[in-house]
Every structure is written in structure tokens, then in C-alpha cells.
>>> print(open('my_file_0.tsv').read())   # TSV, C-alpha atoms
chain	number	residue	atom	x	y	z
A	1	MET	CA	8.69	-1.36	-0.74
A	2	LYS	CA	9.22	-2.96	2.66
A	3	ALA	CA	10.57	-6.29	3.84
A	4	LEU	CA	9.19	-8.74	6.37
A	5	VAL	CA	11.87	-11.02	7.81
A	6	LEU	CA	10.75	-14.06	9.78
A	7	SER	CA	13.01	-14.85	12.75
A	8	GLY	CA	10.66	-16.42	15.24
A	9	GLY	CA	10.83	-20.17	14.64
A	10	ALA	CA	11.91	-22.61	17.35
A	11	GLY	CA	14.54	-24.43	15.27
A	12	THR	CA	13.73	-27.90	16.56
A	13	ARG	CA	15.84	-29.60	13.87
A	14	LEU	CA	18.96	-27.83	15.13
A	15	ARG	CA	18.59	-28.87	18.75
A	16	PRO	CA	20.40	-28.84	21.13
A	17	ILE	CA	22.11	-25.75	19.60
A	18	THR	CA	18.78	-23.91	19.45
A	19	HIS	CA	17.90	-24.62	23.08
A	20	THR	CA	20.15	-21.65	23.89
A	21	SER	CA	20.50	-19.81	20.58
A	22	ALA	CA	18.19	-18.59	17.81
A	23	LYS	CA	18.51	-20.75	14.71
A	24	GLN	CA	18.79	-17.63	12.54
A	25	LEU	CA	21.95	-16.64	14.44
A	26	VAL	CA	23.86	-19.89	13.98
A	27	PRO	CA	26.93	-18.73	12.02
A	28	VAL	CA	27.88	-19.59	8.46
A	29	ALA	CA	31.53	-18.72	7.83
A	30	ASN	CA	31.44	-16.99	11.23
A	31	LYS	CA	28.49	-14.73	10.32
A	32	PRO	CA	24.89	-15.37	11.41
A	33	VAL	CA	22.82	-16.79	8.57
A	34	LEU	CA	20.21	-14.07	9.23
A	35	PHE	CA	22.76	-11.39	8.34
A	36	TYR	CA	23.13	-12.75	4.78
A	37	GLY	CA	19.40	-12.24	4.24
A	38	LEU	CA	19.42	-8.73	5.67
A	39	GLU	CA	22.37	-7.83	3.46
A	40	ALA	CA	20.53	-9.16	0.39
A	41	ILE	CA	17.49	-7.05	1.29
A	42	ALA	CA	19.64	-3.94	1.70
A	43	GLU	CA	21.37	-4.58	-1.62
A	44	ALA	CA	17.93	-4.66	-3.26
A	45	GLY	CA	17.37	-1.10	-2.06
A	46	ILE	CA	14.88	-1.90	0.70
A	47	THR	CA	15.48	0.07	3.89
A	48	GLU	CA	12.28	-0.46	5.94
A	49	VAL	CA	12.32	-3.92	7.48
A	50	GLY	CA	9.94	-5.56	9.93
A	51	VAL	CA	11.47	-8.49	11.81
A	52	ILE	CA	9.09	-11.10	13.23
A	53	VAL	CA	10.45	-12.40	16.54
A	54	GLY	CA	9.32	-15.03	19.05
A	55	ASP	CA	10.87	-16.63	22.11
A	56	THR	CA	14.39	-15.61	21.02
A	57	ALA	CA	13.43	-11.95	20.55
A	58	ASP	CA	16.05	-10.57	22.95
A	59	GLU	CA	18.87	-12.39	21.18
A	60	ILE	CA	17.70	-11.27	17.73
A	61	ARG	CA	17.37	-7.66	18.92
A	62	GLU	CA	20.86	-7.69	20.41
A	63	ALA	CA	22.41	-9.05	17.21
A	64	VAL	CA	20.52	-6.90	14.66
A	65	GLY	CA	20.01	-3.74	16.72
A	66	ASP	CA	18.24	-0.89	14.98
A	67	GLY	CA	19.40	-2.12	11.57
A	68	SER	CA	21.84	0.72	10.97
A	69	GLN	CA	24.73	-1.71	10.50
A	70	PHE	CA	22.89	-2.93	7.38
A	71	GLY	CA	21.79	0.52	6.23
A	72	MET	CA	18.15	-0.10	7.17
A	73	GLU	CA	15.56	0.78	9.79
A	74	VAL	CA	14.32	-2.27	11.69
A	75	THR	CA	10.98	-2.59	13.49
A	76	TYR	CA	10.43	-5.66	15.67
A	77	LEU	CA	7.06	-7.42	15.55
A	78	GLN	CA	6.29	-9.98	18.27
A	79	GLN	CA	4.70	-13.30	17.33
A	80	ASP	CA	3.60	-15.02	20.54
A	81	ALA	CA	3.55	-18.48	18.96
A	82	PRO	CA	4.80	-19.91	15.62
A	83	LEU	CA	1.37	-20.12	14.00
A	84	GLY	CA	2.47	-20.09	10.36
A	85	LEU	CA	3.92	-17.77	7.73
A	86	ALA	CA	0.52	-16.34	6.83
A	87	HIS	CA	-0.02	-15.56	10.52
A	88	ALA	CA	3.20	-13.51	10.42
A	89	VAL	CA	1.71	-11.46	7.57
A	90	LEU	CA	-1.50	-11.08	9.57
A	91	ILE	CA	0.20	-9.61	12.65
A	92	ALA	CA	2.37	-7.34	10.46
A	93	ARG	CA	-0.67	-5.77	8.77
A	94	GLU	CA	-0.42	-2.41	10.49
A	95	TYR	CA	3.33	-2.15	9.91
A	96	LEU	CA	3.10	-3.10	6.22
A	97	GLY	CA	0.21	-0.75	5.49
A	98	ASP	CA	-0.53	-0.60	1.76
A	99	ASP	CA	3.07	-1.12	0.69
A	100	ASP	CA	4.37	-3.93	-1.48
A	101	PHE	CA	6.78	-6.14	0.42
A	102	VAL	CA	9.19	-9.02	0.20
A	103	MET	CA	8.85	-11.75	2.82
A	104	TYR	CA	12.15	-13.43	3.62
A	105	LEU	CA	12.62	-16.45	5.88
A	106	GLY	CA	15.52	-15.63	8.17
A	107	ASP	CA	17.08	-19.08	8.09
A	108	ASN	CA	17.19	-19.31	4.28
A	109	PHE	CA	20.31	-18.78	2.23
A	110	ILE	CA	20.32	-17.71	-1.44
A	111	VAL	CA	23.47	-17.12	-3.43
A	112	GLY	CA	23.29	-14.08	-5.69
A	113	GLY	CA	20.82	-12.06	-3.65
A	114	ILE	CA	17.33	-10.89	-4.63
A	115	SER	CA	17.98	-7.53	-6.33
A	116	GLY	CA	17.00	-8.71	-9.81
A	117	LEU	CA	13.85	-10.34	-8.49
A	118	VAL	CA	12.82	-7.21	-6.59
A	119	ASP	CA	13.49	-4.96	-9.59
A	120	GLY	CA	11.33	-7.15	-11.81
A	121	PHE	CA	8.51	-7.19	-9.27
A	122	ARG	CA	8.60	-3.42	-8.88
A	123	ALA	CA	8.31	-3.02	-12.64
A	124	GLU	CA	5.44	-5.48	-13.27
A	125	ARG	CA	3.69	-5.75	-9.86
A	126	PRO	CA	1.87	-9.08	-10.04
A	127	ASP	CA	-0.26	-9.76	-6.96
A	128	ALA	CA	2.27	-12.31	-5.78
A	129	GLN	CA	5.53	-13.76	-6.98
A	130	ILE	CA	7.15	-16.90	-5.60
A	131	LEU	CA	10.58	-18.45	-6.04
A	132	LEU	CA	10.87	-22.12	-6.94
A	133	THR	CA	13.73	-24.56	-7.17
A	134	GLN	CA	13.99	-28.24	-8.01
A	135	VAL	CA	14.58	-30.45	-4.98
A	136	PRO	CA	15.10	-34.22	-4.58
A	137	ASN	CA	12.74	-34.44	-1.58
A	138	PRO	CA	9.66	-32.30	-2.33
A	139	THR	CA	7.61	-33.92	0.47
A	140	SER	CA	9.56	-31.73	2.91
A	141	PHE	CA	8.54	-28.43	1.31
A	142	GLY	CA	5.70	-26.40	-0.07
A	143	VAL	CA	5.37	-27.60	-3.68
A	144	ALA	CA	4.08	-25.76	-6.76
A	145	GLU	CA	2.26	-27.23	-9.74
A	146	LEU	CA	2.66	-25.35	-13.02
A	147	ASP	CA	0.61	-25.61	-16.21
A	148	LEU	CA	2.16	-26.13	-19.64
A	149	GLY	CA	2.63	-22.39	-19.95
A	150	GLY	CA	4.58	-22.21	-16.72
A	151	ARG	CA	1.85	-20.47	-14.70
A	152	VAL	CA	1.17	-21.47	-11.10
A	153	VAL	CA	-2.06	-23.48	-10.85
A	154	ALA	CA	-1.76	-25.07	-7.42
A	155	LEU	CA	0.33	-25.10	-4.25
A	156	GLU	CA	0.48	-27.77	-1.58
A	157	GLU	CA	2.27	-27.76	1.77
A	158	LYS	CA	4.50	-30.82	2.36
A	159	PRO	CA	2.43	-33.16	0.15
A	160	LYS	CA	2.61	-36.92	0.63
A	161	GLN	CA	2.36	-37.35	-3.15
A	162	PRO	CA	3.96	-34.27	-4.76
A	163	LYS	CA	2.77	-33.25	-8.22
A	164	SER	CA	6.16	-31.74	-9.04
A	165	ASP	CA	9.67	-31.40	-7.68
A	166	LEU	CA	9.44	-27.59	-7.53
A	167	ALA	CA	9.75	-26.39	-3.94
A	168	LEU	CA	8.98	-22.90	-2.72
A	169	VAL	CA	12.12	-21.04	-1.72
A	170	GLY	CA	11.76	-18.92	1.42
A	171	VAL	CA	11.39	-15.60	-0.44
A	172	TYR	CA	8.00	-14.21	-1.49
A	173	LEU	CA	6.95	-10.89	-3.02
A	174	PHE	CA	3.47	-9.49	-2.43
A	175	THR	CA	1.25	-6.52	-3.13
A	176	PRO	CA	-1.36	-5.62	-0.49
A	177	ALA	CA	-3.65	-8.21	-2.11
A	178	ILE	CA	-2.11	-10.81	0.19
A	179	HIS	CA	-3.78	-9.23	3.24
A	180	GLU	CA	-7.25	-10.21	2.08
A	181	ALA	CA	-5.95	-13.69	1.33
A	182	VAL	CA	-4.49	-14.33	4.80
A	183	ARG	CA	-7.78	-13.18	6.37
A	184	SER	CA	-9.73	-15.57	4.17
A	185	ILE	CA	-8.04	-18.88	5.01
A	186	ASP	CA	-8.43	-21.31	7.90
A	187	PRO	CA	-5.65	-23.02	9.89
A	188	SER	CA	-4.25	-26.19	8.37
A	189	TRP	CA	-4.18	-29.62	10.04
A	190	ARG	CA	-0.97	-28.41	11.70
A	191	GLY	CA	-2.90	-25.59	13.37
A	192	GLU	CA	-1.03	-22.99	11.31
A	193	LEU	CA	-2.04	-20.38	8.77
A	194	GLU	CA	-0.09	-21.55	5.73
A	195	ILE	CA	1.22	-19.01	3.24
A	196	THR	CA	0.70	-21.64	0.52
A	197	HIS	CA	-3.03	-21.60	1.31
A	198	ALA	CA	-3.11	-17.81	1.08
A	199	ILE	CA	-1.36	-17.84	-2.29
A	200	GLN	CA	-3.70	-20.61	-3.44
A	201	TRP	CA	-6.61	-18.34	-2.46
A	202	LEU	CA	-5.18	-15.67	-4.76
A	203	ILE	CA	-4.90	-18.23	-7.57
A	204	ASP	CA	-8.50	-19.35	-7.02
A	205	GLN	CA	-9.60	-15.71	-7.18
A	206	LYS	CA	-7.89	-15.40	-10.58
A	207	ARG	CA	-5.30	-12.99	-9.24
A	208	ASP	CA	-1.91	-12.64	-10.91
A	209	VAL	CA	0.45	-15.11	-9.22
A	210	ARG	CA	3.79	-15.65	-10.92
A	211	SER	CA	6.81	-17.80	-10.27
A	212	THR	CA	10.51	-17.68	-10.97
A	213	THR	CA	12.47	-20.91	-10.98
A	214	ILE	CA	16.01	-20.36	-9.76
A	215	SER	CA	18.90	-22.58	-10.70
A	216	GLY	CA	21.37	-20.98	-8.30
A	217	TYR	CA	22.25	-22.13	-4.85
A	218	TRP	CA	19.53	-22.17	-2.17
A	219	LYS	CA	19.33	-23.85	1.21
A	220	ASP	CA	16.95	-23.92	4.13
A	221	THR	CA	19.48	-24.10	6.97
A	222	GLY	CA	17.10	-25.93	9.27
A	223	ASN	CA	19.32	-28.91	10.04
A	224	VAL	CA	22.99	-29.66	10.66
A	225	THR	CA	23.58	-31.25	7.25
A	226	ASP	CA	22.31	-28.16	5.42
A	227	MET	CA	24.21	-25.82	7.75
A	228	LEU	CA	27.48	-27.59	6.92
A	229	GLU	CA	26.67	-27.50	3.20
A	230	VAL	CA	25.94	-23.75	3.27
A	231	ASN	CA	29.13	-23.19	5.26
A	232	ARG	CA	31.05	-25.08	2.56
A	233	SER	CA	29.46	-22.99	-0.19
A	234	VAL	CA	30.32	-19.67	1.48
A	235	LEU	CA	33.88	-20.70	2.35
A	236	GLU	CA	34.54	-21.57	-1.30
A	237	ARG	CA	34.34	-17.84	-2.07
A	238	ILE	CA	36.45	-16.36	0.73
A	239	GLU	CA	39.69	-14.56	0.03
A	240	PRO	CA	42.88	-15.41	1.96
A	241	HIS	CA	43.67	-12.95	4.70
A	242	CYS	CA	45.73	-12.95	7.88
A	243	ALA	CA	45.18	-10.41	10.64
A	244	GLY	CA	46.45	-12.75	13.35
A	245	THR	CA	49.83	-14.39	13.93
A	246	VAL	CA	51.20	-17.57	12.37
A	247	ASP	CA	54.56	-19.01	13.46
A	248	GLU	CA	57.20	-20.46	11.13
A	249	ALA	CA	56.37	-24.01	12.16
A	250	SER	CA	52.84	-23.68	10.76
A	251	GLU	CA	51.68	-24.28	7.19
A	252	ILE	CA	48.79	-22.36	5.64
A	253	ILE	CA	47.52	-23.78	2.35
A	254	GLY	CA	44.87	-22.30	0.06
A	255	ARG	CA	42.16	-19.79	0.95
A	256	VAL	CA	42.43	-19.34	4.70
A	257	ARG	CA	41.13	-16.33	6.63
A	258	ILE	CA	42.72	-15.71	10.04
A	259	GLU	CA	41.03	-12.96	12.04
A	260	LYS	CA	42.56	-10.37	14.37
A	261	GLY	CA	44.09	-11.74	17.55
A	262	ALA	CA	44.11	-15.36	16.41
A	263	LYS	CA	47.31	-17.33	17.03
A	264	VAL	CA	48.42	-20.34	15.00
A	265	THR	CA	51.43	-22.34	16.18
A	266	GLY	CA	52.83	-25.63	14.95
A	267	SER	CA	49.72	-26.31	12.91
A	268	ARG	CA	48.56	-27.05	9.37
A	269	ILE	CA	45.48	-25.31	7.99
A	270	VAL	CA	44.14	-26.27	4.56
A	271	GLY	CA	41.53	-23.96	3.09
A	272	PRO	CA	38.99	-22.90	2.46
A	273	ALA	CA	38.75	-22.26	6.18
A	274	ILE	CA	38.28	-19.40	8.61
A	275	ILE	CA	39.80	-18.94	12.06
A	276	GLY	CA	37.95	-16.46	14.27
A	277	ALA	CA	39.31	-13.59	16.31
A	278	ASP	CA	41.30	-14.45	19.44
A	279	THR	CA	41.21	-18.17	18.69
A	280	VAL	CA	44.26	-20.29	19.48
A	281	VAL	CA	45.23	-23.17	17.15
A	282	SER	CA	48.16	-25.18	18.46
A	283	ASP	CA	49.73	-28.40	17.11
A	284	ALA	CA	46.52	-29.04	15.17
A	285	TYR	CA	45.20	-29.75	11.69
A	286	ILE	CA	42.28	-27.70	10.37
A	287	GLY	CA	40.97	-29.13	7.11
A	288	PRO	CA	38.88	-27.70	4.27
A	289	PHE	CA	35.38	-26.26	4.79
A	290	THR	CA	35.87	-25.57	8.48
A	291	SER	CA	34.74	-22.44	10.33
A	292	VAL	CA	36.21	-21.87	13.77
A	293	SER	CA	34.56	-18.97	15.57
A	294	GLU	CA	36.12	-16.45	17.95
A	295	GLU	CA	37.79	-17.27	21.29
A	296	CYS	CA	38.13	-20.99	20.58
A	297	THR	CA	40.99	-23.31	21.50
A	298	ILE	CA	42.00	-26.07	19.08
A	299	GLU	CA	44.96	-28.06	20.41
A	300	ASP	CA	46.51	-31.36	19.32
A	301	SER	CA	43.40	-32.19	17.28
A	302	GLU	CA	42.18	-32.69	13.71
A	303	ILE	CA	39.03	-30.97	12.42
A	304	GLU	CA	37.52	-30.94	8.96
A	305	TYR	CA	34.20	-29.91	7.33
A	306	SER	CA	32.80	-28.56	10.59
A	307	ILE	CA	31.43	-25.47	12.30
A	308	ILE	CA	32.88	-24.60	15.70
A	309	LEU	CA	31.01	-21.92	17.66
A	310	ARG	CA	32.36	-19.24	19.99
A	311	GLY	CA	34.42	-20.27	22.99
A	312	ALA	CA	34.58	-23.99	22.17
A	313	SER	CA	37.65	-26.00	23.20
A	314	ILE	CA	38.81	-29.15	21.38
A	315	THR	CA	41.93	-30.70	22.86
A	316	GLY	CA	43.67	-34.01	22.12
A	317	VAL	CA	40.95	-35.33	19.81
A	318	HIS	CA	42.17	-37.45	16.93
A	319	ARG	CA	39.53	-36.59	14.33
A	320	VAL	CA	36.39	-34.45	14.19
A	321	GLU	CA	34.49	-34.04	10.93
A	322	ALA	CA	31.01	-33.11	9.65
A	323	SER	CA	30.23	-31.68	13.09
A	324	LEU	CA	28.52	-28.65	14.61
A	325	ILE	CA	30.10	-27.83	17.98
A	326	GLY	CA	28.16	-25.39	20.16
A	327	ARG	CA	29.28	-22.39	22.18
A	328	ASN	CA	31.68	-22.99	25.09
A	329	VAL	CA	31.68	-26.76	24.49
A	330	GLU	CA	34.67	-28.76	25.73
A	331	VAL	CA	35.74	-31.82	23.75
A	332	THR	CA	38.52	-34.02	25.16
A	333	PRO	CA	39.57	-37.67	24.85
A	334	ALA	CA	38.26	-40.17	27.37
A	335	PRO	CA	40.75	-41.70	29.85
A	336	ARG	CA	42.38	-44.90	28.60
A	337	HIS	CA	41.78	-46.67	31.89
A	338	PRO	CA	39.14	-47.62	32.63
A	339	SER	CA	38.07	-47.84	28.99
A	340	ALA	CA	34.77	-45.95	28.96
A	341	HIS	CA	33.03	-42.97	27.41
A	342	ARG	CA	31.93	-40.26	29.83
A	343	LEU	CA	29.22	-38.04	28.37
A	344	VAL	CA	27.26	-35.00	29.55
A	345	LEU	CA	24.72	-34.34	26.79
A	346	GLY	CA	21.76	-32.01	26.50
A	347	ASP	CA	18.30	-32.95	25.25
A	348	HIS	CA	18.02	-33.98	21.59
A	349	SER	CA	21.79	-34.42	21.21
A	350	LYS	CA	23.19	-36.82	18.62
A	351	VAL	CA	26.49	-38.59	19.25
A	352	GLN	CA	28.54	-41.06	17.19
A	353	ILE	CA	31.25	-42.95	19.05
A	354	SER	CA	34.07	-45.06	17.60
A	355	SER	CA	34.58	-48.05	19.86
>>> encode(input="my_file_0.tsv", output="C-alpha cells")
Amino acid sequence: MKALVLSGGAGTRLRPITHTSAKQLVPVANKPVLFYGLEAIAEAGITEVGVIVGDTADEIREAVGDGSQFGMEVTYLQQDAPLGLAHAVLIAREYLGDDDFVMYLGDNFIVGGISGLVDGFRAERPDAQILLTQVPNPTSFGVAELDLGGRVVALEEKPKQPKSDLALVGVYLFTPAIHEAVRSIDPSWRGELEITHAIQWLIDQKRDVRSTTISGYWKDTGNVTDMLEVNRSVLERIEPHCAGTVDEASEIIGRVRIEKGAKVTGSRIVGPAIIGADTVVSDAYIGPFTSVSEECTIEDSEIEYSIILRGASITGVHRVEASLIGRNVEVTPAPRHPSAHRLVLGDHSKVQISS
């Protein structure tokens, strides 16, 4: 069995971060979200993995390498434009051959992994198996309709009037039957080959399409709100550890992980939180559910429920919360006189100012 990991999307909902970084590499608890998916695939015993890449191919290749760090062999497959999930299956046809495979969206996060799901699929081999979960906003997802016996009867992509609240999770399992399906469908109104249409084709052809409804934690990390929520979920399970230095004037409370080379002086850190390697925290407060990446500087500031990326500097800022701060960003207070805000912001930025 192989895996097909999709890492080619543009990540428009995470702009401006994704203007310069692949959305799959935005860190959760200081580890790229893509890595959690690759680890889950490896834990399921799958070692041959095709990674679909697009405009951010070089960055994905640099981060993942040949896959040996995950105990797998990675082959990169170029998708020239994001033309849909079924299109990704289409261009991976030669790589996948006649093998069964799991398709995993690289920006999805599932607690508990996929080993049990893969084992069950290997044993029973339906033509396709999808994961579903109840969501409060089904219009934003592919939605499944089940009959009274729990079998999948229809799928619809981002319906205006959903027939259920069961959204498709970004993990799919297929036999080679899916290849005929993706060749048999037409592009949707969005100009994309939708995987929901391909699975619907299998249903219409009376093929064996099954579903598993999961009650565990799942998130599509496509926007800042979901990124922060996933970060919170992961941090809740970290173990306290200190490989850096903390002076006697500092207070560390709860589950806090301090990486090698980090220095904490005159500060209070309340976990769960993680402080990255070679980061300096001085005269600051770091509150719960905060991830500070490597080589950052946090001085005379308060931060809570936030993700701070590599090389960022936050100095003299009274309060930062529910924020995603990009790489090498500098955040400082505005001068008191004249009383004004001075901003240098990239495209698609969002700023809230207390005045």
C-alpha cells in the first residue's frame, strides 16, 4: 500500500504567511503540520509515499528530503496548477500503479493517527473508504449523505443546502478502482476535478464505498483560527522539559518545554507552552497555548494563545494574544509622540489596533 500526500495548495486563507511559506510547513507546537501527517502514515506501516507539490515545491523538498527521517521513501510529483484532488490522483497514476493507497491532505491534522483505519481497509478492501466527522458549518466542506443503514448514497462539494452535517475529513483510502473514476468525471464549476465527484461516480456504478465517522479531534488547518486551535490541542499533550537555561528570577509553571540554547531571564511562563531553540525570553510573560519558535526574541512583552515563527522579535508590547506572527517579524510599540500607528504590512494582512 502506498500513500499520496497533497502539499501543493496555495494557502490563500493563511496569507500573508503563505506568500513566503508553504501552508503545510506552518508549525504546530514548533513542528510543521505536514510532519504530523507523514508520521501518521509511517506509523500505519506505509513506506512508499508520493508527495504532490506545486509552487512551493522547493520548500517542501528541503523540509521533507528523501523521507528517511520518517522511515519512508518519498517521490515528488509536480502539479502545475491546483486543479483539484481528483486531478492529483490523475497525475499520480503512473506512480501509484495498481496499488491500494491512502490519500492524505498535507494541511490536515488528526489526533490518534490512521493505523486502525488502514488495517481495516487492508483486511476488507472496499473500493473506497472515506472519513467523516460532524461539523457546525458543513457548507465549507465536502458533505456526505448516508442512508438509514449508514451507507454512503451521495456526496456534495461545499453545498449551499447541506443534507447532513457530516464533512469529509482529508484522508481517503482507495483501491485502483478510483483511477477509472477520476478519468470519467468533468471539472466542476470551480474548474477543478473534485474527488467527491469521483467517489460519487463509484457510488453510481454500485461500487463498494464505505465511510467511518470519527469522533476524535480533526482540523483542516487552512486558517489562523484553526491553526491556533490545533496548536492548543497539541500543546495540551506535551511533557515538561528544559534543555535551555532559566535563571532564578524566572517562574516556570505547568507543562513547559524549553529547547536547547534557549535563555529565560526574569520571566514567567505558564504552560502548556514551548520555547524554541536559541530563543531569548527576557522580562516577559508567556501564557498558556503559546508556541515560540527558534531564534526568537521576546522582551518586556506579554504573549498568550499564539504562534510565533522563527526569528520573530517582540519587544515592549503590552499584550499579544490569539495571533500568528510570521518569520523574522519585528513587533514594537509605537512612539508616544506624536500619537500614531506606523505600519508596514504585506498583502492580505489583518490588523487589530487598540486606540
>>> closest_residue(input="my_file_0.tsv", among="A:Asp147, A:Asp247, A:Glu330, A:Asp165", to="A:Asp283", atoms="only C-alpha atoms")
A:Asp247
>>> closest_residue(input="my_file_0.tsv", among="A:Leu38, A:Leu117, A:Val74, A:Ile353", to="A:Ile214", atoms="all atoms listed in the file")
A:Leu117
>>> closest_residue(input="my_file_0.tsv", among="A:Ser301, A:Lys350, A:Pro126, A:Thr265", to="A:Val331", atoms="only C-alpha atoms")
A:Ser301
>>> residues_near_point(input="my_file_0.tsv", point="(9.1, -19.8, -11.5)", cutoff="8 Å", atoms="all atoms listed in the file", output="ChimeraX atom specification")
/A:130-133,150-151,210-214
>>> residues_around(input="my_file_0.tsv", residues="stretch 324-329 of chain A", least_positions_apart="4", cutoff="6 Å", atoms="all atoms listed in the file", output="PyMOL selection string")
chain A and resi 306-312
>>> closest_residue(input="my_file_0.tsv", among="A:Ala123, A:Ala88, A:Ile286, A:Val153", to="A:Ile178", atoms="only C-alpha atoms")
A:Ala88
>>> closest_residue(input="my_file_0.tsv", among="A:Gly261, A:Gly244, A:Pro162, A:Gly120", to="A:Ser140", atoms="all atoms listed in the file")
A:Pro162
>>> closest_residue(input="my_file_0.tsv", among="A:Glu39, A:Glu295, A:Glu48, A:Glu156", to="A:Gly113", atoms="only C-alpha atoms")
A:Glu39
>>> residues_around(input="my_file_0.tsv", residues="A:Arg319", least_positions_apart="5", cutoff="12 Å", atoms="all atoms listed in the file", output="list in words")
Ala284, Tyr285, Ile286, Gly287, Ile298, Glu299, Asp300, Ser301, Glu302, Ile303, Glu304, Tyr305, Ser306, Ile314, Val331, Thr332, Pro333, Ile353 and Ser354 of chain A
>>> atom_distance(input="my_file_0.tsv", atom1="atom CA of A:Ile52", atom2="atom CA of A:Ala81")
10.9 Å
>>> atom_distance(input="my_file_0.tsv", atom1="atom CA of A:Arg61", atom2="atom CA of A:Ser7")
10.4 Å
>>> atom_distance(input="my_file_0.tsv", atom1="atom CA of A:Val64", atom2="atom CA of A:Gln129")
27.2 Å
>>> residues_near_point(input="my_file_0.tsv", point="(16.5, -11.1, 7.3)", cutoff="7 Å", atoms="only C-alpha atoms", output="PyMOL selection string")
chain A and resi 5-6+34-35+37-38+104-106
>>> residues_around(input="my_file_0.tsv", residues="A:Ile274", least_positions_apart="3", cutoff="8 Å", atoms="all atoms listed in the file", output="PDB file with C-alpha atoms, in the coordinates of the input")
ATOM      1  CA  ALA A  29      31.530 -18.720   7.830  1.00  0.00           C
ATOM      2  CA  ASN A  30      31.440 -16.990  11.230  1.00  0.00           C
ATOM      3  CA  LEU A 235      33.880 -20.700   2.350  1.00  0.00           C
ATOM      4  CA  VAL A 256      42.430 -19.340   4.700  1.00  0.00           C
ATOM      5  CA  ARG A 257      41.130 -16.330   6.630  1.00  0.00           C
ATOM      6  CA  ILE A 258      42.720 -15.710  10.040  1.00  0.00           C
ATOM      7  CA  GLU A 259      41.030 -12.960  12.040  1.00  0.00           C
ATOM      8  CA  GLY A 271      41.530 -23.960   3.090  1.00  0.00           C
ATOM      9  CA  THR A 290      35.870 -25.570   8.480  1.00  0.00           C
ATOM     10  CA  SER A 291      34.740 -22.440  10.330  1.00  0.00           C
ATOM     11  CA  VAL A 292      36.210 -21.870  13.770  1.00  0.00           C
ATOM     12  CA  SER A 293      34.560 -18.970  15.570  1.00  0.00           C
TER      13      SER A 293
END
>>> residues_around(input="my_file_0.tsv", residues="A:Glu248", least_positions_apart="3", cutoff="10 Å", atoms="only C-alpha atoms", output="compact mmCIF listing (two decimals) with C-alpha atoms, keeping the file's coordinate frame")
# COMPACT_ATOMS: atom_id res chain seq x y z
CA THR A 245 49.83 -14.39 13.93
CA GLU A 251 51.68 -24.28 7.19
CA VAL A 264 48.42 -20.34 15.00
CA THR A 265 51.43 -22.34 16.18
CA GLY A 266 52.83 -25.63 14.95
CA SER A 267 49.72 -26.31 12.91
